[in-house]
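To keep things clear, I will list the structure first and then write my remarks on it.
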Amino acid sequence: MLLVPIVGPIVLAVIAFLVRSAVLRSWLVVVNAVIHAAATAVIIVAPPGPMFGGWLAIAPLSRLLLGFISAQYLILSFYAPAYLAERAERPNRLFCAALIAIIGPMSAVMIAHHLGLMWVAIETATLCTAPLLYFHRTPRSIEATWKYLLIGSVGIALALFGSFFLAYAAAKGNVGTSLLFEDMVGHAKLLSKPWLHSAFVVLLVGYGTKIGLAPMHTWKPDAYGEAPGLVGALLAGGLTTCAFCALLRFVQILYAAGEGAVAQELLLVLGLVSMAVAAVFMIRQRDLKRMLAYSSVEHMGIIAFGVGIGGKTGTYGALLHLINNGFGKGVMFLTGGNIHRAYGSRLTDQVSGSIRLVPWSGALFLAGFFAITASPPSGLFLSELTIIKSAFDEDQYGAAAVFLLLLAVAFMGMASTVIKIVQGTPPANVTGPRREPVLTVAPAVAFLIIVIVLGVYIPGWLDDALVDAARFVENRP
Amino acid sequence: MPVQPQTTALLEPPLLVFILLLNLFVLGTSRLRAVIGASALQGVALGILTVTRHGEVSVEIVAVAVGAVAVKGVLIPRLLHKAMRDAAIEREVTPLIGFVGSILVGAVGTALAVIFSSTLPLRDEDVGSLILPSAFSTVLTGFIVLTTRRKAITQVVGYLILENGIFIMGLALIAAMPFLVEVGVLLDLFVAIFVMGIIINHISREFASTDIDQLSSLRE
């Protein structure tokens with residue numbers, strides 16, 4: 001059963017690659033997502049035992065996050081046929097195959113219980129992204145793909161380097177080097193401390209690059225700027241979640257070794273740095289999609305900050321924020337993509353009055369902005385509040401104050417750009433209102449509903465899953 | 001089939017020194033062909049090291065060694081040569097740090113790598129061995145090349161050298177690395193560079209150069 005979400009997409013990707021009809025191919029994305037979601041639901045409800053000598057297993061963290069990426073992918077997939085129909089002039093064979101395949105290695109990251117296997121999965125997922133970013137085939141998209149590939153590959157290479165440091169810590173501690181997370185956590189106290197600390201620093205830089213924490217975030221504005229909205233949402237919600245899941249596994253090992261404070265301190269600082277860098281670049285940002293990229297840097301910073309605070313509810317809040325942000329980014333990237341297509345531009349000089357030109361997308365973009373900047377009743381309000389509350393409980397008043405200040409700056413920076421995009425009158429050269437196909441809007445509506453519902457009411461099963469996952473990361477019984 | 005442990009142990013230091021010298025060579029030369037050749041030689045040396053490190057010959061070890069030589073020593077260099085010919089470039093020009101400067105940074109880095117690895121608690125068998133300093137120094141060399149060179153192809157070689165350094169670290173932990181993972185790592189590396197090769201090709205077609213300074217339309 002554990003193999004279905006990993007192997008299924010790859011098989012379907014091959015089929016999609018062979019199918020002649022571009023329309024049929026785009027619907028295979030939806031078929032893939034439905035199968036994946038069904039398999040994931042079965043796995044979550046009745047977690048199967050480990051496979052292949054423990055290489056594949058469902059831990060509480062992967063149970064939560066696998067469910068999340070599958071749900072996000074399912075909703076996103078319905079955007080694909082409508083989007084590709086609008087872009088019918090471009091060949092989409094490779095794009096569809098990569099879009100279908102990518103959820104396979106992404107699931108493998110979650111399910112892998114072996115350090116090396118997880119690394120291979122995350123590298124494979126990164127490679128699948130290249131054709132997705134390069135869809136437009138413009139010089140700018142080549143540049144973005146190049147930066148993404150090179151910086152991403154170096155980041156992942158460093159993650160492997162850090163994994164080897166960890167393996168050395170195990171070898172030095174005479175723990176035996178099975179590289180299974182189970183064994184690492186079980187024997188964490190025996191690991192050689194200096195190697196363990198170095199390992200975490202290298203891993204944080206490596207996976208931090210994939211997550212897009214500042215100052216390793218430089219690929220993000222370019223990649224998100226050039227990616228189609230659908231891909232942007234998948235990267236900002238799905239792939240960053242995979243990289244975070246990987247990093248959290250190592251945070252768990254540090255907690256188990258009694259060195260949780262080291263991880264917390266580093267994550268807290270890096271989180272605040274990311275929020276600060278993002279806030280600075282969001283002020284006077286003229287490019288719609290680059291703004292979303294910096295918003296992603298900001299939210300990754302918030303999540304890192306939450307894990308860094310720890311305490312009673314810090315990690316819980318961070319995990320909840322990871323989910324809220326993923327769904328919220330879905331609203332922003334999909335509607336942002338619609339607006340971009342309607343105007344043929346992403347710059348605020350040319351994009352204004354989108355609520356008149358594309359009423360649905362414009363309104364949803366505005367609502368998404370309020371949701372993503374944590375205005376109540378958005379789910380992000382609740383998760384940020386949870387993190388701040390934990391910061392006060394832990395007597396981190398200084399950090400909490402900086403956190404709140406940076407949130408305010410980011411809100412104001414983003415607001416001025418969003419208001420320019422949504423309000424006012426469209427420039428004379430574009431006429432509207434434009435037709436908005438149902439499937440280019442419906443997924444964004446679904447994302448928005450989820451974000452708002454999560455702000456008002458967290459179902460019991462989700463709460464349990466979050467509590468379990470937070471306990472798992474902090475290695476508490 | 002066990003190999004004489006003495007002979008294999010004797011081979012290791014010269015091979016590592018050879019790899020370190022290649023690092024300095026890469027830092028000091030502007031000719032792309034030579035840079036690619038040096039990384040290929042490193043790949044071959046790593047393949048031999050894989051066998052000497054184990055001290056015995058089994059199917060899996062030979063498979064990893066042959067895989068390393070094939071991917072790092074033959075396939076990737078050929079891909080890069082092709083990319084070089086397609087883009088019609090021969091030399092790295094005006095790097096951010098000059099070639100002599102790069103060698104100096106590399107040499108200091110190697111010394112620091114030796115000091116750094118001696119500050120960490122080593123396993124008994126690694127005390128006095130060059131394997132960890134070589135790994136750190138090679139990773140550092142890859143970094144220098146990646147950050148100071150302007151041609152896309154040289155940057156890929158930098159990435160390759162970085163990976164070579166990590167591979168050496170992996171050899172230090174040979175018992176820990178399962179066969180499947182090593183194969184996966186090699187395969188991923190190959191595909192990554194293959195995809196990078198395709199992109200380089202598109203860069204040279206669109207920009208009529210593979211100078212990454214041309215790639216500045218996305219700068220803030």
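Letters A, B, ... mark the chains of the structure tokens in the order given; residue numbers begin at 1 per chain; ligand numbers begin at 1, in order shown.
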
Point to revise | Expected answer as a VMD selection string: chain A residues within 7 Å of chain B, only C-alpha atoms | key: chain A and resid 116 to 117 120 123 to 124 127 139 to 140 142 to 143 146 154 157 161 164 168 172 177 to 178 194 to 195 222

Review point. So which residues touch B:Leu24 within 7 Å, counting only C-alpha atoms, skipping near sequence neighbours fewer than 4 positions away, as a list of chain:residue names?
Key: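 Near neighbours after the sequence-gap exclusion: B:Leu20, B:Gly28, B:Ile103, B:Gly106.
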
**Study point:** Members of stretch 165-275 of chain A assigned alpha helix (DSSP H) by DSSP, as a PyMOL selection string
**Key:** chain A and resi 165-172+181-186+193-211+219-226+229-233+240-256+260-275

Export, as a CSV table (one decimal), in the first residue's frame, the selected residues with C-alpha atoms.
chain,number,residue,atom,x,y,z
A,165,PHE,CA,28.3,14.0,9.1
A,166,LEU,CA,25.4,12.5,10.9
A,167,ALA,CA,26.4,9.0,9.8
A,168,TYR,CA,29.9,9.8,11.1
A,169,ALA,CA,28.5,10.9,14.4
A,170,ALA,CA,26.8,7.5,14.6
A,171,ALA,CA,30.0,5.6,13.5
A,172,LYS,CA,32.0,7.5,16.1
A,181,PHE,CA,15.7,7.3,11.4
A,182,GLU,CA,14.3,4.8,13.9
A,183,ASP,CA,17.8,3.8,15.0
A,184,MET,CA,19.2,7.3,14.8
A,185,VAL,CA,16.5,8.6,17.2
A,186,GLY,CA,16.8,5.5,19.4
A,193,LYS,CA,28.1,15.7,19.9
A,194,PRO,CA,30.6,17.8,17.8
A,195,TRP,CA,29.7,15.8,14.7
A,196,LEU,CA,26.0,16.0,15.5
A,197,HIS,CA,26.2,19.8,15.8
A,198,SER,CA,28.2,20.2,12.6
A,199,ALA,CA,25.8,17.9,10.9
A,200,PHE,CA,22.8,20.0,11.8
A,201,VAL,CA,24.4,23.2,10.7
A,202,VAL,CA,25.3,21.7,7.3
A,203,LEU,CA,21.8,20.1,7.0
A,204,LEU,CA,20.1,23.4,7.9
A,205,VAL,CA,22.0,25.2,5.1
A,206,GLY,CA,21.3,22.4,2.7
A,207,TYR,CA,17.6,21.8,3.3
A,208,GLY,CA,17.2,25.5,4.2
A,209,THR,CA,18.2,26.2,0.6
A,210,LYS,CA,15.4,24.0,-0.6
A,211,ILE,CA,12.9,25.5,1.9
A,219,TRP,CA,16.5,31.2,-6.4
A,220,LYS,CA,13.0,31.7,-5.1
A,221,PRO,CA,11.9,35.1,-6.6
A,222,ASP,CA,13.2,34.0,-10.0
A,223,ALA,CA,11.7,30.6,-10.0
A,224,TYR,CA,8.3,31.6,-8.6
A,225,GLY,CA,8.4,34.7,-10.8
A,226,GLU,CA,8.7,32.6,-14.0
A,229,GLY,CA,0.8,29.9,-11.2
A,230,LEU,CA,-0.1,26.3,-10.8
A,231,VAL,CA,3.6,25.4,-10.5
A,232,GLY,CA,4.2,28.3,-8.1
A,233,ALA,CA,1.5,27.0,-5.8
A,240,THR,CA,8.8,23.4,0.6
A,241,THR,CA,6.7,21.1,2.8
A,242,CYS,CA,8.8,18.2,1.7
A,243,ALA,CA,12.1,20.0,2.5
A,244,PHE,CA,10.7,21.1,5.9
A,245,CYS,CA,9.6,17.5,6.6
A,246,ALA,CA,13.2,16.4,5.9
A,247,LEU,CA,14.6,19.1,8.2
A,248,LEU,CA,12.2,18.3,11.0
A,249,ARG,CA,13.4,14.7,11.0
A,250,PHE,CA,16.8,16.0,11.9
A,251,VAL,CA,15.4,18.4,14.5
A,252,GLN,CA,13.8,15.3,16.0
A,253,ILE,CA,17.2,13.6,16.2
A,254,LEU,CA,18.7,16.6,18.0
A,255,TYR,CA,15.8,16.7,20.5
A,256,ALA,CA,16.3,13.0,21.1
A,260,GLY,CA,17.1,20.4,21.0
A,261,ALA,CA,18.2,23.9,22.2
A,262,VAL,CA,20.9,24.0,19.5
A,263,ALA,CA,18.4,23.4,16.7
A,264,GLN,CA,15.9,25.8,18.3
A,265,GLU,CA,18.3,28.6,18.5
A,266,LEU,CA,19.5,28.3,14.9
A,267,LEU,CA,16.0,28.0,13.5
A,268,LEU,CA,14.8,31.0,15.5
A,269,VAL,CA,17.6,33.2,14.2
A,270,LEU,CA,17.2,32.0,10.6
A,271,GLY,CA,13.4,32.4,10.8
A,272,LEU,CA,13.7,36.0,11.9
A,273,VAL,CA,16.4,36.7,9.2
A,274,SER,CA,14.1,35.3,6.6
A,275,MET,CA,11.2,37.4,7.7

Review point. Between atom CA of A:Gly455 and atom CA of A:Gly317, what is the spacing in Å?
Key: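 Value for the atom CA of A:Gly317-atom CA of A:Gly455 distance: 12.3 Å.
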
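Distance-wise, atom CA of A:Ala57 and atom CA of A:Ile103 end up 17.3 Å apart.
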
Exercise for review: Might you pull out every residue within 12 Å of stretch 75-77 of chain B, with only C-alpha atoms counted and same-chain residues fewer than 4 positions away left off, and present them as a ChimeraX atom specification?
Suggested key: /B:32-44,66-71,81-84,153-154,156-157,159-161,186-187,189-197

Write the residues of the preceding selection, restricted to N, CA and C atoms, as a CSV table (one decimal), in the first residue's frame.
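As a result, again.csv now contains:
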chain,number,residue,atom,x,y,z
B,32,LEU,N,38.7,25.3,-20.3
B,32,LEU,CA,37.6,24.5,-19.9
B,32,LEU,C,37.9,23.0,-20.1
B,33,ARG,N,38.5,22.7,-21.2
B,33,ARG,CA,38.8,21.3,-21.5
B,33,ARG,C,39.7,20.7,-20.4
B,34,ALA,N,40.6,21.4,-19.9
B,34,ALA,CA,41.5,20.9,-18.8
B,34,ALA,C,40.7,20.8,-17.5
B,35,VAL,N,39.8,21.7,-17.3
B,35,VAL,CA,39.0,21.7,-16.0
B,35,VAL,C,38.1,20.4,-16.1
B,36,ILE,N,37.5,20.2,-17.2
B,36,ILE,CA,36.6,19.0,-17.3
B,36,ILE,C,37.4,17.7,-17.2
B,37,GLY,N,38.6,17.8,-17.8
B,37,GLY,CA,39.5,16.6,-17.8
B,37,GLY,C,39.9,16.3,-16.3
B,38,ALA,N,40.2,17.3,-15.6
B,38,ALA,CA,40.6,17.1,-14.2
B,38,ALA,C,39.5,16.5,-13.4
B,39,SER,N,38.3,17.0,-13.6
B,39,SER,CA,37.2,16.4,-12.8
B,39,SER,C,36.9,15.0,-13.2
B,40,ALA,N,37.2,14.7,-14.5
B,40,ALA,CA,37.1,13.3,-14.9
B,40,ALA,C,38.1,12.4,-14.3
B,41,LEU,N,39.4,12.9,-14.2
B,41,LEU,CA,40.4,12.1,-13.5
B,41,LEU,C,40.0,11.9,-12.0
B,42,GLN,N,39.5,12.9,-11.4
B,42,GLN,CA,39.0,12.7,-10.0
B,42,GLN,C,38.0,11.6,-9.9
B,43,GLY,N,37.1,11.6,-10.9
B,43,GLY,CA,36.1,10.5,-10.9
B,43,GLY,C,36.7,9.1,-11.0
B,44,VAL,N,37.8,9.0,-11.8
B,44,VAL,CA,38.4,7.7,-12.0
B,44,VAL,C,39.1,7.3,-10.6
B,66,VAL,N,32.6,0.9,-10.7
B,66,VAL,CA,32.5,1.0,-12.1
B,66,VAL,C,31.4,2.1,-12.4
B,67,GLY,N,30.4,2.2,-11.6
B,67,GLY,CA,29.4,3.2,-11.8
B,67,GLY,C,30.0,4.6,-11.6
B,68,ALA,N,30.8,4.7,-10.6
B,68,ALA,CA,31.5,6.0,-10.3
B,68,ALA,C,32.4,6.4,-11.5
B,69,VAL,N,33.2,5.5,-11.9
B,69,VAL,CA,34.1,5.8,-13.1
B,69,VAL,C,33.3,6.1,-14.3
B,70,ALA,N,32.2,5.3,-14.5
B,70,ALA,CA,31.4,5.6,-15.8
B,70,ALA,C,30.7,6.9,-15.7
B,71,VAL,N,30.1,7.2,-14.6
B,71,VAL,CA,29.3,8.5,-14.5
B,71,VAL,C,30.2,9.7,-14.4
B,81,HIS,N,31.8,18.1,-22.6
B,81,HIS,CA,32.6,18.4,-23.8
B,81,HIS,C,31.6,18.8,-24.9
B,82,LYS,N,30.5,18.0,-25.0
B,82,LYS,CA,29.6,18.3,-26.1
B,82,LYS,C,29.0,19.7,-25.9
B,83,ALA,N,28.6,20.0,-24.6
B,83,ALA,CA,28.0,21.3,-24.3
B,83,ALA,C,29.0,22.4,-24.7
B,84,MET,N,30.3,22.1,-24.4
B,84,MET,CA,31.3,23.1,-24.7
B,84,MET,C,31.4,23.3,-26.2
B,153,ILE,N,29.3,26.2,-17.8
B,153,ILE,CA,29.9,24.9,-17.8
B,153,ILE,C,30.9,24.8,-16.7
B,154,THR,N,31.6,25.8,-16.4
B,154,THR,CA,32.6,25.7,-15.2
B,154,THR,C,31.8,25.6,-13.9
B,156,VAL,N,29.0,24.0,-13.6
B,156,VAL,CA,28.6,22.6,-13.4
B,156,VAL,C,29.8,21.8,-13.0
B,157,VAL,N,31.0,22.1,-13.5
B,157,VAL,CA,32.2,21.3,-13.0
B,157,VAL,C,32.4,21.6,-11.5
B,159,TYR,N,30.1,22.1,-9.3
B,159,TYR,CA,29.1,21.2,-8.7
B,159,TYR,C,29.6,19.8,-8.6
B,160,LEU,N,30.2,19.4,-9.7
B,160,LEU,CA,30.7,18.0,-9.8
B,160,LEU,C,31.8,17.8,-8.8
B,161,ILE,N,32.7,18.8,-8.7
B,161,ILE,CA,33.8,18.6,-7.7
B,161,ILE,C,33.3,18.6,-6.3
B,186,LEU,N,24.4,8.3,-7.5
B,186,LEU,CA,25.1,8.4,-8.8
B,186,LEU,C,24.1,8.7,-10.0
B,187,LEU,N,23.0,8.0,-9.9
B,187,LEU,CA,21.9,8.2,-11.0
B,187,LEU,C,21.4,9.7,-10.9
B,189,LEU,N,22.9,12.3,-9.7
B,189,LEU,CA,23.9,13.2,-10.2
B,189,LEU,C,24.0,13.3,-11.7
B,190,PHE,N,23.9,12.1,-12.3
B,190,PHE,CA,24.0,12.0,-13.8
B,190,PHE,C,22.8,12.8,-14.4
B,191,VAL,N,21.6,12.5,-13.9
B,191,VAL,CA,20.4,13.1,-14.4
B,191,VAL,C,20.5,14.6,-14.2
B,192,ALA,N,20.9,15.0,-13.0
B,192,ALA,CA,21.0,16.5,-12.8
B,192,ALA,C,21.9,17.2,-13.8
B,193,ILE,N,23.0,16.6,-14.0
B,193,ILE,CA,24.0,17.2,-15.0
B,193,ILE,C,23.5,17.1,-16.4
B,194,PHE,N,22.8,16.0,-16.7
B,194,PHE,CA,22.1,15.9,-18.0
B,194,PHE,C,21.2,17.0,-18.2
B,195,VAL,N,20.3,17.3,-17.2
B,195,VAL,CA,19.3,18.4,-17.4
B,195,VAL,C,20.0,19.7,-17.4
B,196,MET,N,21.1,19.9,-16.6
B,196,MET,CA,21.8,21.1,-16.7
B,196,MET,C,22.4,21.3,-18.1
B,197,GLY,N,22.9,20.2,-18.7
B,197,GLY,CA,23.5,20.3,-20.1
B,197,GLY,C,22.4,20.8,-21.0

**Study point:** Distance criterion (only C-alpha atoms): nearest to B:Thr52 out of B:Phe25, B:Pro14, B:Lys151, B:Glu92
**Key:**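 Ranked by minimum distance to B:Thr52, first place goes to B:Pro14.
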
Practice item. Show which residues sit within 9 Å of stretch 390-407 of chain A, as a VMD selection string. Count only C-alpha atoms, and ignore same-chain residues fewer than 3 positions away. Key: chain A and resid 268 272 275 to 276 279 298 302 305 to 306 309 to 314 317 373 385 to 387 410 to 412

Practice item. Give me, please, the distance in Å between atom CA of A:Arg90 and atom CA of A:Phe447, quoted to one decimal. Key: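 Between atom CA of A:Arg90 and atom CA of A:Phe447 the gap is 27.4 Å.
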